Amino acid sequence: MAEFVFDLEKNADKIQQFKAFMETQKQRKGALMPVLQDAQSRFGYLPKEVMEMIAEGLKVPMSEIYGVATFYSQFTFFPKGEYDISVCLGTACYVKGVESVLEALEEELGIKAGETTPDLQFSITPTRCLGACGIAPVVSVNGELHGHMSKDTVKELLDSYRCKNKQS
Amino acid sequence: MITTERDLITIENLREVRERARVKLDGRLKGVSGIAAWEGGYKLTGPFYEKQQRVVLRNCGIIDPENVEEYVALGGYSALAMLLKDWDPKRVIDEMTRSNLRGRGGAGFPTGRKWAEAYRHDVPQKYIICNADEGDPGAFMDRSVLEGDPHSVLEGMAIAGYAVGADMGFIYVRAEYPLAVERLRTAIAEAHERGLLGERILGSDFSFDIELRLGSGAFVCGEGTALMESIEGKRGMPRTKVYRTSHRGLWDCPTIINNVETFANVPVILEKGVDWFLGIGTEDSPGTKVFCIVGKVNNAGLVEVPMGTTINEIVYGIGGGAADGREVKAVQTGGPSGGCIPKSLFDTPVDFGSLARIGSIMGSGGMVVMDDTDCMVDIARFFLDFTVDESCGKCVPCREGTKRMLELLEKITKGKGEEGDLEALSELGEVITSTSLCGLGQTAATPVISTLHYFRSEYEAHVRDKKCPAHSCKELLEYFITEKCIGCTKCARVCPSACISGKVKERHVIDASRCVKCGACQAACPTGAIIKQ
Ligand SMILES: Cc1cc2nc3c(=O)[nH]c(=O)nc-3n(C[C@H](O)[C@H](O)[C@H](O)COP(=O)(O)O)c2cc1C
Ligand code: SF4
Ligand code: SF4
Ligand code: SF4
Ligand code: FES
């Protein structure tokens, strides 16, 4: 896995907003989860630096924060790619052969499920039922659904996003 | 006074608001294809819907979920208004008990009994929780209700709050459902604006509020006590059950936890009357159930039918049978806690009792159709893989036992099964079932036990003959070129490991020792000469 560095300077604004949000939550019962969720969506992952801010802001020990954050699969400790590819590993998609789609994705991108490419372009996130079982097997890229996938359509799909990047 | 679309809705003006909103809704739906007037309301038309009875999904796909007036137009919030005006809480509980509404989250516990218990404890703080974690990895019933008719859930929760004496509710919804979260946010805000939530609901002296809490991707958090731990901001591990949660639940206060579909049933039961509800479904399980029928079936989707409808009717009558001209082999119900039901038992009526008797469960409503190309051993392995991944690790039988079962199943599907493995699977299954702390472990072995029971010969073929009868387990199959081959060389050109040889216009041969079983040759062959065996 590549190393990813959290840039405190670049994220200064976000950090400030995040701290303000944390202030509003402090008094709430069970504030840790909503705060972690906010951090995850604001920064795209939970950098160590941010978890330290939470420990200080909510007066919760680091060990507890790690304990909670590692328990839930939604929390990640490295950034997601610009295009986050969710691969549905739900029952319907499995029965319709999503395994071979996942294998093809892993091969094409050179990373394993749950990882991000070093250039931060793509990540693969295994998920469960995306609620589109009628068009299984399904993957979704940043929330955009692609149904009836097969190992042969994987490259085409990735290329369509790669070239979106080149255009912009 | 004439009400406008911004006014607070009260017990007194609800009727007027409804009538005005109804005129608008009628206007909007006039001439919309696929929707027809029906029994004073509307229904979806077309062959897929004709055979269904939509009670929980009555408004889905018809009303605009982001406009509370459309929910009101079709009778929404009238049950709540009626109770606040004329019923005392005890009567609500008695009626819910009489309705015998059984929890739709999987276990089928009678809702009225649960409410009665929380009602009995006379303490200042009680909570209502809506379980919208929907953990079954192949189903999306609850999501459709939250997205299509969120107010029915809010109203059901408020009614529960009034009945047991709670002024606060939480909806614990999966973060993976962004649209549902968004719709709920809108609905809660709108309900606040119109006086349907918050202080003095509908102008009465009952106050009730609802907060959203997002799940974060842990299946075990769908279990009631784990979910409460999670709301409290901890790791979502199930509690040792000393007290019922209706006695001591969230922050140790009496707490009602019900499933989305259960809550969505509540307003319509009280609005139309318990006797009406008891007229639908069976004595064991009154009412309807929403199923998510998927997999190798022609018409996949959400299906709502009266309890007691046979599996045949659902799979063939509504689902249209197997897709791609194949044969249906089995249907899996109840997700990772459920079992596989063979086609020979498809005349079984679907209700809580009947499914339990044939070794499966109702579960939350997932129904996965499998055809003759699906290997039952591999399906059992798939669910065990899920369970191992999701076990919270608190107790040994579940944490270690499921791993051992998965290892055995992997061994078998790879053709390395040995004499005694099947017996070991059954024994492990029994131990895990009887000694695990929570429902996840207690039901983890069901997919294995039920397939061992109904499809034992398939297991035996893997272990003894090292064959997968469904030709699904990769390690156990061989690609073979039959005499239909015309020697076009297409297969040899696509083979990634260059293990196909043969001259042009002559029958080709696969070197099985180098074949990686990618299936590319089979897909490329114009004459269908390549088979799996
Ligand atoms: C591992 C596990 C996961 C569960 N997941 C869910 C779920 O996603 N949704 C749900 O409503 N109930 C789920 N349940 C059942 C709940 O524990 C509880 O019985 C249910 O929410 C009660 O509501 P009901 O009586 O209305 O069905 C789960 C149970 C277990 C053991
Ligand atoms: S049975 Fe499994 S999921 Fe349930 S408490 Fe034990 S280890 Fe956790
Ligand atoms: S299955 Fe794949 S590796 Fe095997 S012979 Fe066919 S193309 Fe070659
Ligand atoms: S593609 Fe089919 S017909 Fe052509 S050489 Fe291969 S097996 Fe024979
Ligand atoms: S199982 Fe993949 S979309 Fe439902």
# chains A, B, ... in the order shown; residues from 1 in each chain; ligands from 1
>>> residues_around(residues="region 133-137 of chain B", least_positions_apart="2", cutoff="10 Å", atoms="only C-alpha atoms", output="ChimeraX atom specification")
/A:88-93,127-131 /B:105,130-131,139-143,171-177,214-223,227,259-260,334-337,363-366,383,386
>>> closest_atom_pairs(of="chain B", to="ligand 4", cutoff="12 Å", atoms="only C-alpha atoms and all ligand atoms", output="Markdown table")
| residue | atom | partner | partner_atom_place_in_ligand_line | distance |
| --- | --- | --- | --- | --- |
| B:Tyr479 | CA | ligand 4 | 7 (S) | 10.3 |
| B:Phe480 | CA | ligand 4 | 7 (S) | 8.6 |
| B:Ile481 | CA | ligand 4 | 7 (S) | 5.5 |
| B:Thr482 | CA | ligand 4 | 7 (S) | 7.4 |
| B:Glu483 | CA | ligand 4 | 8 (Fe) | 8.3 |
| B:Lys484 | CA | ligand 4 | 3 (S) | 6.9 |
| B:Cys485 | CA | ligand 4 | 8 (Fe) | 3.6 |
| B:Ile486 | CA | ligand 4 | 3 (S) | 4.4 |
| B:Gly487 | CA | ligand 4 | 5 (S) | 3.8 |
| B:Cys488 | CA | ligand 4 | 4 (Fe) | 3.9 |
| B:Thr489 | CA | ligand 4 | 5 (S) | 4.0 |
| B:Lys490 | CA | ligand 4 | 1 (S) | 4.4 |
| B:Cys491 | CA | ligand 4 | 1 (S) | 4.1 |
| B:Ala492 | CA | ligand 4 | 6 (Fe) | 6.3 |
| B:Arg493 | CA | ligand 4 | 1 (S) | 8.7 |
| B:Val494 | CA | ligand 4 | 1 (S) | 9.1 |
| B:Cys495 | CA | ligand 4 | 6 (Fe) | 9.8 |
| B:Cys499 | CA | ligand 4 | 6 (Fe) | 11.6 |
| B:Ile500 | CA | ligand 4 | 6 (Fe) | 8.1 |
| B:Ser501 | CA | ligand 4 | 5 (S) | 8.8 |
| B:Gly502 | CA | ligand 4 | 5 (S) | 7.6 |
| B:Lys503 | CA | ligand 4 | 5 (S) | 8.5 |
| B:Val504 | CA | ligand 4 | 5 (S) | 7.6 |
| B:Lys505 | CA | ligand 4 | 5 (S) | 7.5 |
| B:Glu506 | CA | ligand 4 | 5 (S) | 7.5 |
| B:Arg507 | CA | ligand 4 | 8 (Fe) | 5.9 |
| B:His508 | CA | ligand 4 | 5 (S) | 5.4 |
| B:Val509 | CA | ligand 4 | 7 (S) | 7.9 |
| B:Ile510 | CA | ligand 4 | 7 (S) | 9.1 |
| B:Gly519 | CA | ligand 4 | 1 (S) | 11.7 |
| B:Ala520 | CA | ligand 4 | 1 (S) | 9.9 |
| B:Cys521 | CA | ligand 4 | 1 (S) | 6.5 |
| B:Gln522 | CA | ligand 4 | 2 (Fe) | 7.3 |
| B:Ala523 | CA | ligand 4 | 1 (S) | 8.6 |
| B:Ala524 | CA | ligand 4 | 1 (S) | 5.9 |
| B:Cys525 | CA | ligand 4 | 1 (S) | 3.5 |
| B:Pro526 | CA | ligand 4 | 2 (Fe) | 5.8 |
| B:Thr527 | CA | ligand 4 | 3 (S) | 5.4 |
| B:Gly528 | CA | ligand 4 | 2 (Fe) | 6.4 |
| B:Ala529 | CA | ligand 4 | 2 (Fe) | 5.1 |
| B:Ile530 | CA | ligand 4 | 7 (S) | 5.5 |
| B:Ile531 | CA | ligand 4 | 7 (S) | 9.3 |
>>> residues_near_ligand(ligand="ligand 2", cutoff="6 Å", atoms="only C-alpha atoms and all ligand atoms", output="PyMOL selection string")
chain B and resi 220+238+391-395+398-399+436-438+440-441
>>> interface_residues(of="chain A", to="chain B", cutoff="8 Å", atoms="only C-alpha atoms", output="VMD selection string")
chain A and resid 29 to 34 37 67 to 68 71 to 75 89 to 93 95 to 96 128 to 129 131 133 to 134 136
>>> write_last_selection(atoms="N, CA and C atoms", output="PDB file, in the first residue's frame")
ATOM      1  N   LYS A  29     -25.442  13.617  23.481  1.00  0.00           N
ATOM      2  CA  LYS A  29     -25.154  12.247  23.929  1.00  0.00           C
ATOM      3  C   LYS A  29     -24.709  11.424  22.731  1.00  0.00           C
ATOM      4  N   GLY A  30     -23.706  10.606  22.917  1.00  0.00           N
ATOM      5  CA  GLY A  30     -23.256   9.737  21.827  1.00  0.00           C
ATOM      6  C   GLY A  30     -22.721  10.515  20.644  1.00  0.00           C
ATOM      7  N   ALA A  31     -21.899  11.551  20.902  1.00  0.00           N
ATOM      8  CA  ALA A  31     -21.447  12.449  19.834  1.00  0.00           C
ATOM      9  C   ALA A  31     -20.353  11.840  18.964  1.00  0.00           C
ATOM     10  N   LEU A  32     -19.648  10.835  19.470  1.00  0.00           N
ATOM     11  CA  LEU A  32     -18.477  10.341  18.739  1.00  0.00           C
ATOM     12  C   LEU A  32     -18.792   9.871  17.318  1.00  0.00           C
ATOM     13  N   MET A  33     -19.874   9.092  17.182  1.00  0.00           N
ATOM     14  CA  MET A  33     -20.191   8.576  15.842  1.00  0.00           C
ATOM     15  C   MET A  33     -20.505   9.694  14.847  1.00  0.00           C
ATOM     16  N   PRO A  34     -21.430  10.603  15.177  1.00  0.00           N
ATOM     17  CA  PRO A  34     -21.695  11.674  14.210  1.00  0.00           C
ATOM     18  C   PRO A  34     -20.435  12.481  13.871  1.00  0.00           C
ATOM     19  N   GLN A  37     -18.301  10.431  11.539  1.00  0.00           N
ATOM     20  CA  GLN A  37     -18.936  10.383  10.219  1.00  0.00           C
ATOM     21  C   GLN A  37     -18.727  11.682   9.469  1.00  0.00           C
ATOM     22  N   GLY A  67     -10.724   2.308  18.540  1.00  0.00           N
ATOM     23  CA  GLY A  67     -11.578   1.149  18.765  1.00  0.00           C
ATOM     24  C   GLY A  67     -12.886   1.272  18.005  1.00  0.00           C
ATOM     25  N   VAL A  68     -13.498   2.430  18.100  1.00  0.00           N
ATOM     26  CA  VAL A  68     -14.774   2.640  17.423  1.00  0.00           C
ATOM     27  C   VAL A  68     -14.565   2.719  15.909  1.00  0.00           C
ATOM     28  N   PHE A  71     -13.979  -0.521  14.132  1.00  0.00           N
ATOM     29  CA  PHE A  71     -15.093  -1.476  14.205  1.00  0.00           C
ATOM     30  C   PHE A  71     -16.007  -1.358  12.982  1.00  0.00           C
ATOM     31  N   TYR A  72     -16.199  -0.137  12.520  1.00  0.00           N
ATOM     32  CA  TYR A  72     -17.160   0.107  11.438  1.00  0.00           C
ATOM     33  C   TYR A  72     -16.450   0.214  10.092  1.00  0.00           C
ATOM     34  N   SER A  73     -16.978  -0.534   9.102  1.00  0.00           N
ATOM     35  CA  SER A  73     -16.254  -0.592   7.833  1.00  0.00           C
ATOM     36  C   SER A  73     -16.346   0.689   7.009  1.00  0.00           C
ATOM     37  N   GLN A  74     -17.273   1.595   7.367  1.00  0.00           N
ATOM     38  CA  GLN A  74     -17.382   2.850   6.615  1.00  0.00           C
ATOM     39  C   GLN A  74     -16.181   3.757   6.828  1.00  0.00           C
ATOM     40  N   PHE A  75     -15.505   3.589   7.948  1.00  0.00           N
ATOM     41  CA  PHE A  75     -14.382   4.476   8.229  1.00  0.00           C
ATOM     42  C   PHE A  75     -13.113   3.941   7.583  1.00  0.00           C
ATOM     43  N   LEU A  89     -21.132  -6.775  -3.540  1.00  0.00           N
ATOM     44  CA  LEU A  89     -20.907  -8.188  -3.254  1.00  0.00           C
ATOM     45  C   LEU A  89     -22.140  -8.789  -2.578  1.00  0.00           C
ATOM     46  N   GLY A  90     -23.301  -8.209  -2.855  1.00  0.00           N
ATOM     47  CA  GLY A  90     -24.549  -8.744  -2.317  1.00  0.00           C
ATOM     48  C   GLY A  90     -24.909 -10.063  -2.976  1.00  0.00           C
ATOM     49  N   THR A  91     -25.926 -10.715  -2.422  1.00  0.00           N
ATOM     50  CA  THR A  91     -26.266 -12.066  -2.864  1.00  0.00           C
ATOM     51  C   THR A  91     -26.636 -12.130  -4.340  1.00  0.00           C
ATOM     52  N   ALA A  92     -27.496 -11.199  -4.765  1.00  0.00           N
ATOM     53  CA  ALA A  92     -27.951 -11.251  -6.151  1.00  0.00           C
ATOM     54  C   ALA A  92     -26.780 -11.054  -7.098  1.00  0.00           C
ATOM     55  N   CYS A  93     -25.907 -10.115  -6.768  1.00  0.00           N
ATOM     56  CA  CYS A  93     -24.761  -9.855  -7.634  1.00  0.00           C
ATOM     57  C   CYS A  93     -23.801 -11.035  -7.617  1.00  0.00           C
ATOM     58  N   VAL A  95     -24.619 -14.209  -7.161  1.00  0.00           N
ATOM     59  CA  VAL A  95     -25.223 -15.265  -7.961  1.00  0.00           C
ATOM     60  C   VAL A  95     -25.069 -14.974  -9.460  1.00  0.00           C
ATOM     61  N   LYS A  96     -25.039 -13.683  -9.796  1.00  0.00           N
ATOM     62  CA  LYS A  96     -24.902 -13.317 -11.209  1.00  0.00           C
ATOM     63  C   LYS A  96     -23.439 -13.104 -11.614  1.00  0.00           C
ATOM     64  N   ARG A 128     -22.322  -3.874  -0.094  1.00  0.00           N
ATOM     65  CA  ARG A 128     -23.393  -4.863  -0.191  1.00  0.00           C
ATOM     66  C   ARG A 128     -24.601  -4.198  -0.799  1.00  0.00           C
ATOM     67  N   CYS A 129     -25.494  -5.033  -1.232  1.00  0.00           N
ATOM     68  CA  CYS A 129     -26.646  -4.640  -2.033  1.00  0.00           C
ATOM     69  C   CYS A 129     -26.814  -3.145  -2.265  1.00  0.00           C
ATOM     70  N   GLY A 131     -29.136  -2.095  -4.075  1.00  0.00           N
ATOM     71  CA  GLY A 131     -30.563  -1.924  -4.333  1.00  0.00           C
ATOM     72  C   GLY A 131     -30.903  -1.905  -5.810  1.00  0.00           C
ATOM     73  N   CYS A 133     -30.581  -4.894  -7.715  1.00  0.00           N
ATOM     74  CA  CYS A 133     -30.389  -6.317  -8.000  1.00  0.00           C
ATOM     75  C   CYS A 133     -30.979  -6.714  -9.350  1.00  0.00           C
ATOM     76  N   GLY A 134     -31.969  -5.959  -9.816  1.00  0.00           N
ATOM     77  CA  GLY A 134     -32.607  -6.271 -11.089  1.00  0.00           C
ATOM     78  C   GLY A 134     -31.630  -6.192 -12.253  1.00  0.00           C
ATOM     79  N   ALA A 136     -28.252  -6.785 -11.793  1.00  0.00           N
ATOM     80  CA  ALA A 136     -27.015  -7.386 -11.281  1.00  0.00           C
ATOM     81  C   ALA A 136     -26.244  -8.059 -12.416  1.00  0.00           C
TER      82      ALA A 136
END
>>> residues_around(residues="region 73-77 of chain B", least_positions_apart="4", cutoff="9 Å", atoms="only C-alpha atoms", output="list in words")
Leu14, Val17, Arg18, Glu19, Arg20, Ala21, Arg22, Val23, Lys24, Leu25, Gly40, Gly41, Tyr42, Asn59, Ile63, Val68, Glu69, Ala81, Met82, His151, Ser152, Glu155, Leu196, Pro267, Val268 and Glu271 of chain B
>>> write_last_selection(atoms="C-alpha atoms", output="PDB file, in the first residue's frame")
ATOM      1  CA  LEU B  14     -56.588  18.028   9.020  1.00  0.00           C
ATOM      2  CA  VAL B  17     -56.025  20.119   4.432  1.00  0.00           C
ATOM      3  CA  ARG B  18     -56.576  16.602   3.164  1.00  0.00           C
ATOM      4  CA  GLU B  19     -59.459  17.537   0.912  1.00  0.00           C
ATOM      5  CA  ARG B  20     -57.583  20.430  -0.612  1.00  0.00           C
ATOM      6  CA  ALA B  21     -54.440  18.331  -1.058  1.00  0.00           C
ATOM      7  CA  ARG B  22     -56.465  15.544  -2.610  1.00  0.00           C
ATOM      8  CA  VAL B  23     -57.829  17.798  -5.319  1.00  0.00           C
ATOM      9  CA  LYS B  24     -54.280  18.786  -6.201  1.00  0.00           C
ATOM     10  CA  LEU B  25     -53.026  15.196  -6.181  1.00  0.00           C
ATOM     11  CA  GLY B  40     -60.682   5.570  -3.029  1.00  0.00           C
ATOM     12  CA  GLY B  41     -56.933   5.913  -3.613  1.00  0.00           C
ATOM     13  CA  TYR B  42     -54.520   4.896  -6.333  1.00  0.00           C
ATOM     14  CA  ASN B  59     -47.979   5.091  -1.609  1.00  0.00           C
ATOM     15  CA  ILE B  63     -47.018  10.152  -4.064  1.00  0.00           C
ATOM     16  CA  VAL B  68     -46.137  15.848   2.989  1.00  0.00           C
ATOM     17  CA  GLU B  69     -49.395  17.125   1.518  1.00  0.00           C
ATOM     18  CA  ALA B  81     -54.907  12.653  14.737  1.00  0.00           C
ATOM     19  CA  MET B  82     -57.656  10.212  15.649  1.00  0.00           C
ATOM     20  CA  HIS B 151     -43.926   9.932   6.440  1.00  0.00           C
ATOM     21  CA  SER B 152     -45.591   6.569   7.007  1.00  0.00           C
ATOM     22  CA  GLU B 155     -46.244   8.600  11.736  1.00  0.00           C
ATOM     23  CA  LEU B 196     -46.549  16.963  12.794  1.00  0.00           C
ATOM     24  CA  PRO B 267     -50.828   3.962  10.696  1.00  0.00           C
ATOM     25  CA  VAL B 268     -52.744   2.026   8.065  1.00  0.00           C
ATOM     26  CA  GLU B 271     -56.728   4.006  10.094  1.00  0.00           C
TER      27      GLU B 271
END
>>> select_by_dssp(residues="region 13-165 of chain A", states="strand (DSSP E)", output="ChimeraX atom specification")
/A:83-88,122-127,139-141,144-146
>>> write_last_selection(atoms="all heavy atoms", output="compact mmCIF listing (two decimals), in the first residue's frame")
# COMPACT_ATOMS: atom_id res chain seq x y z
N TYR A 83 -12.23 8.67 -8.25
CA TYR A 83 -13.36 7.83 -8.63
C TYR A 83 -13.38 6.63 -7.69
O TYR A 83 -12.50 5.78 -7.75
CB TYR A 83 -13.25 7.38 -10.08
CG TYR A 83 -13.33 8.55 -11.03
CD1 TYR A 83 -12.20 8.95 -11.73
CD2 TYR A 83 -14.51 9.27 -11.19
CE1 TYR A 83 -12.27 10.05 -12.57
CE2 TYR A 83 -14.58 10.36 -12.02
CZ TYR A 83 -13.46 10.75 -12.72
OH TYR A 83 -13.52 11.83 -13.55
N ASP A 84 -14.37 6.59 -6.85
CA ASP A 84 -14.49 5.48 -5.92
C ASP A 84 -15.45 4.46 -6.51
O ASP A 84 -16.62 4.75 -6.74
CB ASP A 84 -15.00 6.00 -4.56
CG ASP A 84 -15.08 4.88 -3.55
OD1 ASP A 84 -14.27 3.94 -3.64
OD2 ASP A 84 -15.96 4.96 -2.66
N ILE A 85 -14.93 3.28 -6.77
CA ILE A 85 -15.73 2.25 -7.42
C ILE A 85 -16.28 1.29 -6.37
O ILE A 85 -15.53 0.54 -5.76
CB ILE A 85 -14.88 1.45 -8.43
CG1 ILE A 85 -14.17 2.42 -9.37
CG2 ILE A 85 -15.74 0.46 -9.19
CD1 ILE A 85 -13.18 1.75 -10.28
N SER A 86 -17.58 1.33 -6.14
CA SER A 86 -18.19 0.38 -5.21
C SER A 86 -18.60 -0.86 -5.99
O SER A 86 -19.33 -0.76 -6.97
CB SER A 86 -19.44 0.98 -4.58
OG SER A 86 -19.11 2.10 -3.82
N VAL A 87 -18.14 -1.98 -5.54
CA VAL A 87 -18.51 -3.23 -6.19
C VAL A 87 -19.48 -3.95 -5.28
O VAL A 87 -19.17 -4.23 -4.12
CB VAL A 87 -17.26 -4.11 -6.43
CG1 VAL A 87 -17.65 -5.39 -7.14
CG2 VAL A 87 -16.22 -3.35 -7.21
N CYS A 88 -20.66 -4.25 -5.80
CA CYS A 88 -21.67 -4.90 -4.96
C CYS A 88 -21.34 -6.37 -4.78
O CYS A 88 -21.27 -7.12 -5.75
CB CYS A 88 -23.06 -4.76 -5.58
SG CYS A 88 -24.28 -5.64 -4.60
N PHE A 122 -8.26 6.08 -8.62
CA PHE A 122 -9.34 5.11 -8.40
C PHE A 122 -9.19 4.41 -7.04
O PHE A 122 -8.08 4.23 -6.56
CB PHE A 122 -9.31 4.02 -9.48
CG PHE A 122 -9.71 4.51 -10.83
CD1 PHE A 122 -8.74 4.77 -11.79
CD2 PHE A 122 -11.04 4.69 -11.15
CE1 PHE A 122 -9.11 5.22 -13.06
CE2 PHE A 122 -11.42 5.13 -12.42
CZ PHE A 122 -10.44 5.40 -13.37
N SER A 123 -10.32 4.04 -6.47
CA SER A 123 -10.29 3.12 -5.35
C SER A 123 -11.39 2.10 -5.55
O SER A 123 -12.38 2.37 -6.24
CB SER A 123 -10.47 3.87 -4.02
OG SER A 123 -11.54 4.77 -4.09
N ILE A 124 -11.19 0.92 -4.97
CA ILE A 124 -12.21 -0.13 -5.06
C ILE A 124 -12.76 -0.37 -3.66
O ILE A 124 -12.02 -0.65 -2.73
CB ILE A 124 -11.62 -1.46 -5.57
CG1 ILE A 124 -10.86 -1.25 -6.88
CG2 ILE A 124 -12.73 -2.50 -5.73
CD1 ILE A 124 -10.24 -2.53 -7.42
N THR A 125 -14.07 -0.21 -3.52
CA THR A 125 -14.71 -0.42 -2.22
C THR A 125 -15.76 -1.51 -2.34
O THR A 125 -16.77 -1.32 -3.01
CB THR A 125 -15.38 0.89 -1.76
OG1 THR A 125 -14.45 1.95 -1.85
CG2 THR A 125 -15.87 0.77 -0.33
N PRO A 126 -15.53 -2.65 -1.70
CA PRO A 126 -16.58 -3.67 -1.75
C PRO A 126 -17.77 -3.20 -0.90
O PRO A 126 -17.58 -2.67 0.19
CB PRO A 126 -15.93 -4.90 -1.10
CG PRO A 126 -14.53 -4.51 -0.76
CD PRO A 126 -14.40 -3.04 -0.84
N THR A 127 -18.98 -3.36 -1.43
CA THR A 127 -20.17 -2.98 -0.65
C THR A 127 -21.20 -4.08 -0.77
O THR A 127 -21.00 -5.05 -1.48
CB THR A 127 -20.83 -1.69 -1.17
OG1 THR A 127 -20.84 -1.74 -2.57
CG2 THR A 127 -20.15 -0.47 -0.68
N VAL A 139 -21.90 -2.31 -10.36
CA VAL A 139 -20.89 -1.51 -9.66
C VAL A 139 -21.37 -0.07 -9.73
O VAL A 139 -22.15 0.29 -10.61
CB VAL A 139 -19.47 -1.61 -10.28
CG1 VAL A 139 -19.03 -3.04 -10.42
CG2 VAL A 139 -19.39 -0.88 -11.59
N SER A 140 -20.92 0.75 -8.78
CA SER A 140 -21.28 2.15 -8.87
C SER A 140 -20.01 2.98 -8.72
O SER A 140 -19.15 2.67 -7.91
CB SER A 140 -22.34 2.50 -7.83
OG SER A 140 -21.79 3.15 -6.73
N VAL A 141 -19.88 4.00 -9.57
CA VAL A 141 -18.71 4.86 -9.52
C VAL A 141 -19.17 6.21 -9.01
O VAL A 141 -20.00 6.86 -9.65
CB VAL A 141 -18.07 5.00 -10.92
CG1 VAL A 141 -16.79 5.83 -10.82
CG2 VAL A 141 -17.77 3.63 -11.50
N GLU A 144 -22.75 6.59 -9.28
CA GLU A 144 -23.41 6.37 -10.57
C GLU A 144 -23.44 4.86 -10.85
O GLU A 144 -22.39 4.21 -10.87
CB GLU A 144 -22.61 7.09 -11.65
CG GLU A 144 -23.35 7.30 -12.94
CD GLU A 144 -22.45 8.05 -13.93
OE1 GLU A 144 -21.59 8.85 -13.48
OE2 GLU A 144 -22.59 7.82 -15.13
N LEU A 145 -24.65 4.32 -11.06
CA LEU A 145 -24.80 2.86 -11.19
C LEU A 145 -24.46 2.36 -12.59
O LEU A 145 -24.81 2.99 -13.59
CB LEU A 145 -26.24 2.45 -10.88
CG LEU A 145 -26.69 2.51 -9.42
CD1 LEU A 145 -28.15 2.12 -9.32
CD2 LEU A 145 -25.84 1.60 -8.54
N HIS A 146 -23.78 1.22 -12.64
CA HIS A 146 -23.54 0.53 -13.90
C HIS A 146 -23.97 -0.92 -13.72
O HIS A 146 -23.37 -1.64 -12.94
CB HIS A 146 -22.07 0.60 -14.28
CG HIS A 146 -21.56 2.00 -14.43
ND1 HIS A 146 -21.61 2.68 -15.63
CD2 HIS A 146 -21.05 2.86 -13.53
CE1 HIS A 146 -21.12 3.90 -15.46
NE2 HIS A 146 -20.78 4.05 -14.19
>>> select_by_dssp(residues="region 18-142 of chain A", states="alpha helix (DSSP H)", output="PyMOL selection string")
chain A and resi 18-25+32-43+48-58+62-71+91-95+98-109
>>> closest_residue(among="A:Leu8, A:Ile65, A:Val138, A:Val101", to="ligand 5", atoms="only C-alpha atoms and all ligand atoms")
A:Val138
>>> residues_around(residues="region 421-427 of chain B", least_positions_apart="2", cutoff="7 Å", atoms="only C-alpha atoms", output="VMD selection string")
chain B and resid 405 408 417 to 419 429 to 431 449
>>> residues_around(residues="Gly112 (chain B)", least_positions_apart="3", cutoff="10 Å", atoms="only C-alpha atoms", output="ChimeraX atom specification")
/B:92-103,109,115-117,160
>>> closest_residue(among="A:Val98, A:Ala132, A:Val35, A:Leu46", to="ligand 5", atoms="only C-alpha atoms and all ligand atoms")
A:Ala132
>>> closest_residue(among="A:Pro118, A:Pro79, A:Pro137, A:Gly57", to="Phe43 (chain A)", atoms="only C-alpha atoms")
A:Pro79
>>> closest_residue(among="B:Phe346, B:Trp276, B:Phe291, B:Phe208", to="Glu313 (chain B)", atoms="only C-alpha atoms")
B:Phe346
>>> residues_around(residues="Phe21 (chain A)", least_positions_apart="3", cutoff="12 Å", atoms="only C-alpha atoms", output="list in words")
Lys14, Ile15, Gln16, Gln17, Phe18, Thr24, Gln25, Lys26, Gln27, Arg28, Ala31, Pro34, Val35, Leu36, Gln37, Asp38, Ala39, Arg42, Ile54, Gly57 and Leu58 of chain A
>>> residues_around(residues="Ile432 (chain B)", least_positions_apart="5", cutoff="8 Å", atoms="only C-alpha atoms", output="list in words")
Pro397, Cys398, Gly401, Thr402, Gly441, Gln442, Ala444 and Ala445 of chain B
>>> closest_residue(among="B:Gly339, B:Thr443, B:Ala158, B:Glu5", to="ligand 1", atoms="only C-alpha atoms and all ligand atoms")
B:Thr443
